[in-house]
Structure formats: structure tokens, C-alpha cells
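A.B. asks: Starting off with a structure, shown below.
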Amino acid sequence: MFLNGGELDEITAFRRELHRRPELSGQEAETARTVTQALRSSEPDAIVTNLGGHGVAAVYQGLADGPTVMIRAELDALPIEELSPLPYRSEIAGKGHLCGHDGHAAILMALAKGLSQKRPARGRAILLFQPAEENGAGAAAVLADPKFEALKPDFVFSLHNFPGLPLGHVALADGPVNCASRGMKIVLSGKTSHASCPEDGIPPTFAMANLLGELTGLGAGGRLDADFTLVTVTHARLGEPAFGISPGRAEIWATLRTLTDARMINLVGSAEALVHKHAAAGGLASSISYEDIFHQCSNAPEAVGELRRALAEEEIGHDSGATTLPMKASEDFGLFGRVAPSAMFFLGAGENHPRLHNPDYDFPDALIAVGARAFMRTIRNLLG
């Protein structure tokens, strides 16, 4: 390990500081300030702030020309109440770092300390702390920010901790590793009437009933191949909680999920066609909107090759991910693959560790050194 025990203790304390003060997607102002202040001690050649919102990027310049290697972590937490006896548990009611983004950020802070002690021989190493991963908005905002043009990488790497895998073991694969997904919000608007005379109104009841069945019928999941499609209705509301009113409005929320972006385009078209069909049949107005849009996350072979080389040299156990990848969950990392070869690996948090988004989850501090070693070796192999 390129850091000593005392330095790792400092990084662990930083992680726990972030854990105490979680902030939701798009609200990470205090987290970004904490990260920026901590980065200053590593004396990067530049710190870019307010990147795509509250994003932060630290640049470490090599002595000679060469490629740019970007390592990405996340800033945001979840709207979940943490249930934990830990002395550093969340101090913010209803919010918690229950996905491990505090740990991912700590890994990058370990890299910052290492890069401050020894700059790359060539090129640039950039540490990106991305905002708004949990709602799928952050990567697009970062890439659209004019300040990103000066940071444009030649490789982008990331990781995510993964309960269920042995502690410190890595799953890594070429090709798709995370599904595309998006939240579809459907509103059906008709006209209320007295409950005794539903014929005097335009109720969305039958259209809603048909859509609940037919939307889920568009995709039942199954094998994670190119045709994988899953539609999950997550919320539905009809009218008001009153016995005297025939409803005039209905709302359906559904999550659409596919392995590839191309398949998502087809699924969106099919789902929207169903909405228009049943709305027209019932004399209803309809509106459709989308939130939490995640693109497919696919690992480029050349980027995977660099990670495999680094894992082998650091003697970090890893496999092809055949039993775990691809996964149905989504990740806001896929868009980086459109600007440079990119790859994400999955770092085991323990086979019996509380799962991601569980109220009792906490990032294992032992993974800070493992993740930092893997990334630093990747940086040194590419940049010297």
C-alpha cells in the first residue's frame, strides 16, 4: 500500500465525516466543500468546482505529455433513515450514506494523497467527485458543463462496492454490466362526477386498470441478454380518498428496465403507445414524463484490460463476474463511455454484509486500501 497506517486512519476519519452529513442528489453543497477543503492539502495543479452542479475535479499534472486518466466517485446519499448504533451514523433525519458513496469518495482521497507524494511521470490524473448519481442526472450534467472540455479524459475508471461478494474480491467483465432504466410517470385526466352518476364524468378507472396489466406485460424480466425487458409498476393513484366522487384523475409510476439503450428506445415506444391507446379509448387526456434516467453501463475491453492488469499486479482476487454481471441495477456511469474507453469494477463488501440501500448498511473501511491500490496501480501503469 502506498500510504502508511496513519494516513489511512486520516482517510477513514474523512469517510466517517462524510457519513455523518449526508446530502441528497443535487444538494451536495456541504459535501463538495468538505471534499474541496480536504483536496487542498494534496496540492493538486487545479481544482475545478461546481462541475455539473456540485461536482469537484482535482487535476494532478505529470512532468511530460501523455494521456489523461480519470477516476470517478460519487458525492450523494439516499433519502433513507439510517438504523445504526455506529458513533458516526447520519446526523440528518431521513438521509443516509447507505450506498457507500462516502467510501468511494474516500478511495479517491487516498489517491489524492498518493499523487501529492509522487506526481505521474506523464499525462494527467484527474479525480472526479460526481454529483447526483442516485437520480441519474449527474453524469449528463458533468459532461454538458463547458468546464469538462478541459478535463476530457482518455480513460475513465470507477468502482462500486458490492455486498454479496467476498470482502475485497473483485468482479469485472467486458461489455454490459448495468442495465438502462428510467422512471415513467403517466397522468390520465378526465372529469369527476358524483359517485352515484359516474356516467356524468369521464373516469380513468378502466384505462388505469388495463394499463396496470399491459405495462407489466411488456417485460417480465428473465435472462439478462440483449432482449431483457422489465417493467415494474411502483406507484398508482386513482382519484381522491372519498366515497362520493367518481374519479377524474389517475397516476401511474413505472420503472422501465432493459440491458441496452437500444432496447430501451423500443420499450419506451411500446409503453407510450399503450398509454395513448387506452387514453383515447376512454376519452381521456394523458401526459407522460420521465425521471431517474440511467443509460446502460458497458465496459470497454481496453479499459477492462488495464484494470485486470492492475488487479493481477496488486494480487487482488478477481474473476470474470460470470455469476454477478451484468446486473439488473442501474448506475450513472455509462455516459462516460461515450467520451473515452471506460470500465467499472465491483468490489466485494462481504458475502453477509447488509445490502445496498438497506437502513443498516455501512461501507467497510477495509475496502479503502483495496480500491486505492487497484486505481493507483492503474494510474501508474498508464502514466508512470
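Note on naming: chains are A, B, ... as they come in the C-alpha cells, residues start from 1 per chain, ligands start from 1 in the order shown.
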Wanna dump the segment 97-196 of chain A-segment 202-219 of chain A contacts at 8 Å for me, each residue with its shortest atom pair and the distance in Å to one decimal, counting only C-alpha atoms, ordered by chain and number, as JSON lines?

C.D. replies:
```
{"residue": "A:Leu188", "atom": "CA", "partner": "A:Pro204", "partner_atom": "CA", "distance": 6.3}
{"residue": "A:Ser189", "atom": "CA", "partner": "A:Pro204", "partner_atom": "CA", "distance": 7.0}
{"residue": "A:Gly190", "atom": "CA", "partner": "A:Ile202", "partner_atom": "CA", "distance": 4.8}
{"residue": "A:Lys191", "atom": "CA", "partner": "A:Ile202", "partner_atom": "CA", "distance": 4.6}
{"residue": "A:Thr192", "atom": "CA", "partner": "A:Ile202", "partner_atom": "CA", "distance": 6.5}
{"residue": "A:Ser193", "atom": "CA", "partner": "A:Ile202", "partner_atom": "CA", "distance": 7.9}
```

A.B. asks: Go ahead and save the picked residues with N, CA, C and O atoms, as a compact mmCIF listing (two decimals), in the first residue's frame.

C.D. replies:
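For reference, out.txt as written:
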```txt
# COMPACT_ATOMS: atom_id res chain seq x y z
N LEU A 188 -53.43 10.39 -16.29
CA LEU A 188 -54.65 10.29 -17.08
C LEU A 188 -55.66 11.27 -16.50
O LEU A 188 -55.98 11.20 -15.31
N SER A 189 -56.15 12.17 -17.34
CA SER A 189 -57.04 13.22 -16.87
C SER A 189 -58.40 13.13 -17.56
O SER A 189 -58.48 13.12 -18.80
N GLY A 190 -59.45 13.04 -16.75
CA GLY A 190 -60.81 13.01 -17.28
C GLY A 190 -61.65 14.08 -16.59
O GLY A 190 -61.27 15.25 -16.54
N LYS A 191 -62.80 13.67 -16.00
CA LYS A 191 -63.69 14.62 -15.32
C LYS A 191 -64.37 13.91 -14.18
O LYS A 191 -64.88 12.79 -14.34
N THR A 192 -64.37 14.56 -13.01
CA THR A 192 -65.06 13.97 -11.87
C THR A 192 -66.57 14.10 -12.02
O THR A 192 -67.08 14.92 -12.79
N SER A 193 -67.27 13.29 -11.25
CA SER A 193 -68.73 13.38 -11.15
C SER A 193 -69.15 12.81 -9.80
O SER A 193 -68.31 12.28 -9.05
```

A.B. asks: Between segment 111-195 of chain A and segment 259-264 of chain A, at 10 Å or less, what are the per-residue closest atom pairs and their distances in Å? Count only C-alpha atoms, order by chain and rising residue number, and return it as CSV.

C.D. replies:
```
residue,atom,partner,partner_atom,distance
A:Pro176,CA,A:Leu259,CA,7.2
A:Val177,CA,A:Leu259,CA,8.5
A:Asn178,CA,A:Leu259,CA,7.1
A:Cys179,CA,A:Leu259,CA,4.4
A:Ala180,CA,A:Leu259,CA,5.8
A:Ser181,CA,A:Met264,CA,7.6
A:Arg182,CA,A:Met264,CA,8.8
```

A.B. asks: How would you write, as number ranges by chain, the set of residues in segment 88-254 of chain A that DSSP gives as strand (DSSP E or B)?

C.D. replies: A: 96, 122-130, 155-163, 165, 170-171, 175-178, 180-189, 191, 193-194, 202, 220, 229-238, 245-246, 249-254

A.B. asks: Nearest residue to Glu306 of chain A out of A:Leu172, A:Glu199, A:Trp253, A:Leu325, using only C-alpha atoms?

C.D. replies: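 Of A:Leu172, A:Glu199, A:Trp253, A:Leu325, the one nearest Glu306 of chain A is A:Leu172, counting only C-alpha atoms.
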
A.B. asks: Identify, with DSSP run on backbone atoms, the residues in segment 141-234 of chain A assigned to helix (DSSP H, G or I), and express the list as an mmCIF file with C-alpha atoms, in the first residue's frame.

C.D. replies:
```
data_model
loop_
_atom_site.group_PDB
_atom_site.id
_atom_site.type_symbol
_atom_site.label_atom_id
_atom_site.label_comp_id
_atom_site.auth_asym_id
_atom_site.auth_seq_id
_atom_site.Cartn_x
_atom_site.Cartn_y
_atom_site.Cartn_z
ATOM 1 C CA ALA A 141 -24.702 17.403 -16.175
ATOM 2 C CA VAL A 142 -20.953 16.945 -15.727
ATOM 3 C CA LEU A 143 -20.409 16.081 -19.378
ATOM 4 C CA ALA A 144 -22.559 19.028 -20.525
ATOM 5 C CA PRO A 146 -18.288 23.639 -20.522
ATOM 6 C CA LYS A 147 -15.616 23.194 -17.833
ATOM 7 C CA PHE A 148 -15.474 19.471 -18.637
ATOM 8 C CA GLU A 149 -13.936 20.102 -22.068
ATOM 9 C CA ALA A 150 -10.591 20.989 -20.472
ATOM 10 C CA LEU A 151 -10.744 17.759 -18.431
ATOM 11 C CA PRO A 198 -70.297 8.073 -12.948
ATOM 12 C CA GLU A 199 -71.774 8.402 -16.430
ATOM 13 C CA ASP A 200 -71.780 12.186 -15.969
ATOM 14 C CA THR A 205 -60.685 3.767 -13.939
ATOM 15 C CA PHE A 206 -60.806 1.306 -16.824
ATOM 16 C CA ALA A 207 -57.841 2.816 -18.656
ATOM 17 C CA MET A 208 -55.793 2.614 -15.482
ATOM 18 C CA ALA A 209 -56.812 -0.990 -14.820
ATOM 19 C CA ASN A 210 -55.841 -2.007 -18.355
ATOM 20 C CA LEU A 211 -52.516 -0.199 -18.184
ATOM 21 C CA LEU A 212 -51.504 -1.787 -14.902
ATOM 22 C CA GLY A 213 -51.689 -5.201 -16.527
ATOM 23 C CA GLU A 214 -50.480 -4.371 -20.011
ATOM 24 C CA LEU A 215 -47.498 -2.275 -18.964
ATOM 25 C CA THR A 216 -46.106 -5.052 -16.800
ATOM 26 C CA GLY A 217 -46.871 -7.430 -19.655
#
```

A.B. asks: Just the residues within 12 Å of segment 316-324 of chain A, please, counting only C-alpha atoms, with nothing from its chain fewer than 3 positions along; format it as an MDAnalysis selection string.

C.D. replies: chainID A and resid 162:178 224 304:305 307:313 327:329 344:348 367 369:375 377

A.B. asks: Which residue, A:Ala195, A:Ser246, A:Gly183, A:Phe2, has the smallest gap to Thr234 of chain A when you use only C-alpha atoms?

C.D. replies: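 Among the listed residues, the smallest separation from Thr234 of chain A belongs to A:Gly183.
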
A.B. asks: Using only C-alpha atoms, which of the listed residues (A:Ala13, A:His235, A:Leu383, A:Gln296) sits closest to Pro120 of chain A?

C.D. replies: A:Leu383

A.B. asks: I want to know what sits within 9 Å of His104 of chain A, based on only C-alpha atoms, with residues of the same chain fewer than 2 positions away left out; could you give that as a list in words?

C.D. replies: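 Final neighbour list, sorted by chain and number: Arg15, Arg72, Ala73, Glu74, Leu75, Gly100, His101, Asp102, Ala106, Ile107, Leu108, Met109, Ser158, Leu159, His160, Asn161, Phe363, Ile368 and Gly371 of chain A.
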
A.B. asks: Write the residues of the preceding selection, restricted to C-alpha atoms, as a CSV table (one decimal), in the first residue's frame.

C.D. replies:
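File written: again.csv
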```
chain,number,residue,atom,x,y,z
A,15,ARG,CA,-15.1,8.9,5.2
A,72,ARG,CA,-14.7,8.8,-10.7
A,73,ALA,CA,-16.5,8.6,-7.4
A,74,GLU,CA,-19.9,10.0,-6.2
A,75,LEU,CA,-21.0,12.6,-3.6
A,100,GLY,CA,-21.2,3.6,0.0
A,101,HIS,CA,-20.5,6.8,-1.9
A,102,ASP,CA,-18.7,8.1,1.2
A,106,ALA,CA,-12.5,8.2,0.5
A,107,ILE,CA,-10.8,6.0,-2.0
A,108,LEU,CA,-10.3,9.0,-4.3
A,109,MET,CA,-9.0,11.0,-1.3
A,158,SER,CA,-14.8,3.7,-11.4
A,159,LEU,CA,-15.9,1.1,-8.9
A,160,HIS,CA,-18.8,0.2,-6.8
A,161,ASN,CA,-18.8,-1.8,-3.6
A,363,PHE,CA,-19.2,1.0,3.8
A,368,ILE,CA,-10.4,1.9,1.1
A,371,GLY,CA,-9.8,0.2,-4.0
```

A.B. asks: What is the distance, in Å and to one decimal place, between atom CA of Ala110 of chain A and atom CA of Leu3 of chain A?

C.D. replies: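 Between atom CA of Ala110 of chain A and atom CA of Leu3 of chain A the gap is 7.7 Å.
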
A.B. asks: Taking only C-alpha atoms into account, name the residue in A:Arg40, A:Arg237, A:Arg119, A:Arg21 that is nearest to Leu78 of chain A.

C.D. replies: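 The answer is A:Arg21, which sits nearest to Leu78 of chain A.
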
A.B. asks: Tell me, in Å to one decimal, how far atom CA of Val339 of chain A is from atom CA of Ala132 of chain A.

C.D. replies: 19.1 Å

A.B. asks: Need to verify the contact set: Ala38 of chain A, 10 Å, only C-alpha atoms, exclusion of same-chain residues closer than 6 positions in sequence. Can you return it as number ranges by chain?

C.D. replies: A: 11, 14, 32, 109, 112-113

A.B. asks: Using C-alpha atoms, can you export the residues from the last selection as a PDB file, in the first residue's frame?

C.D. replies:
```
ATOM      1  CA  ILE A  11      -8.776   8.872   5.189  1.00  0.00           C
ATOM      2  CA  PHE A  14     -12.674  11.702   6.382  1.00  0.00           C
ATOM      3  CA  ALA A  32     -18.441  19.313  -2.050  1.00  0.00           C
ATOM      4  CA  MET A 109      -8.977  10.961  -1.336  1.00  0.00           C
ATOM      5  CA  ALA A 112      -5.044  12.339  -3.886  1.00  0.00           C
ATOM      6  CA  LYS A 113      -2.639  11.828  -1.010  1.00  0.00           C
TER       7      LYS A 113
END
```

A.B. asks: Do you have the atom CA of Leu267 of chain A-atom CA of Thr229 of chain A distance handy?

C.D. replies: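 Atom-to-atom, atom CA of Leu267 of chain A to atom CA of Thr229 of chain A, that is 7.7 Å.
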
A.B. asks: Please list as a ChimeraX atom specification every residue within 7 Å of Leu238 of chain A, counting only C-alpha atoms and excluding residues in the same chain fewer than 2 positions away.

C.D. replies: /A:236,240,247,249-251
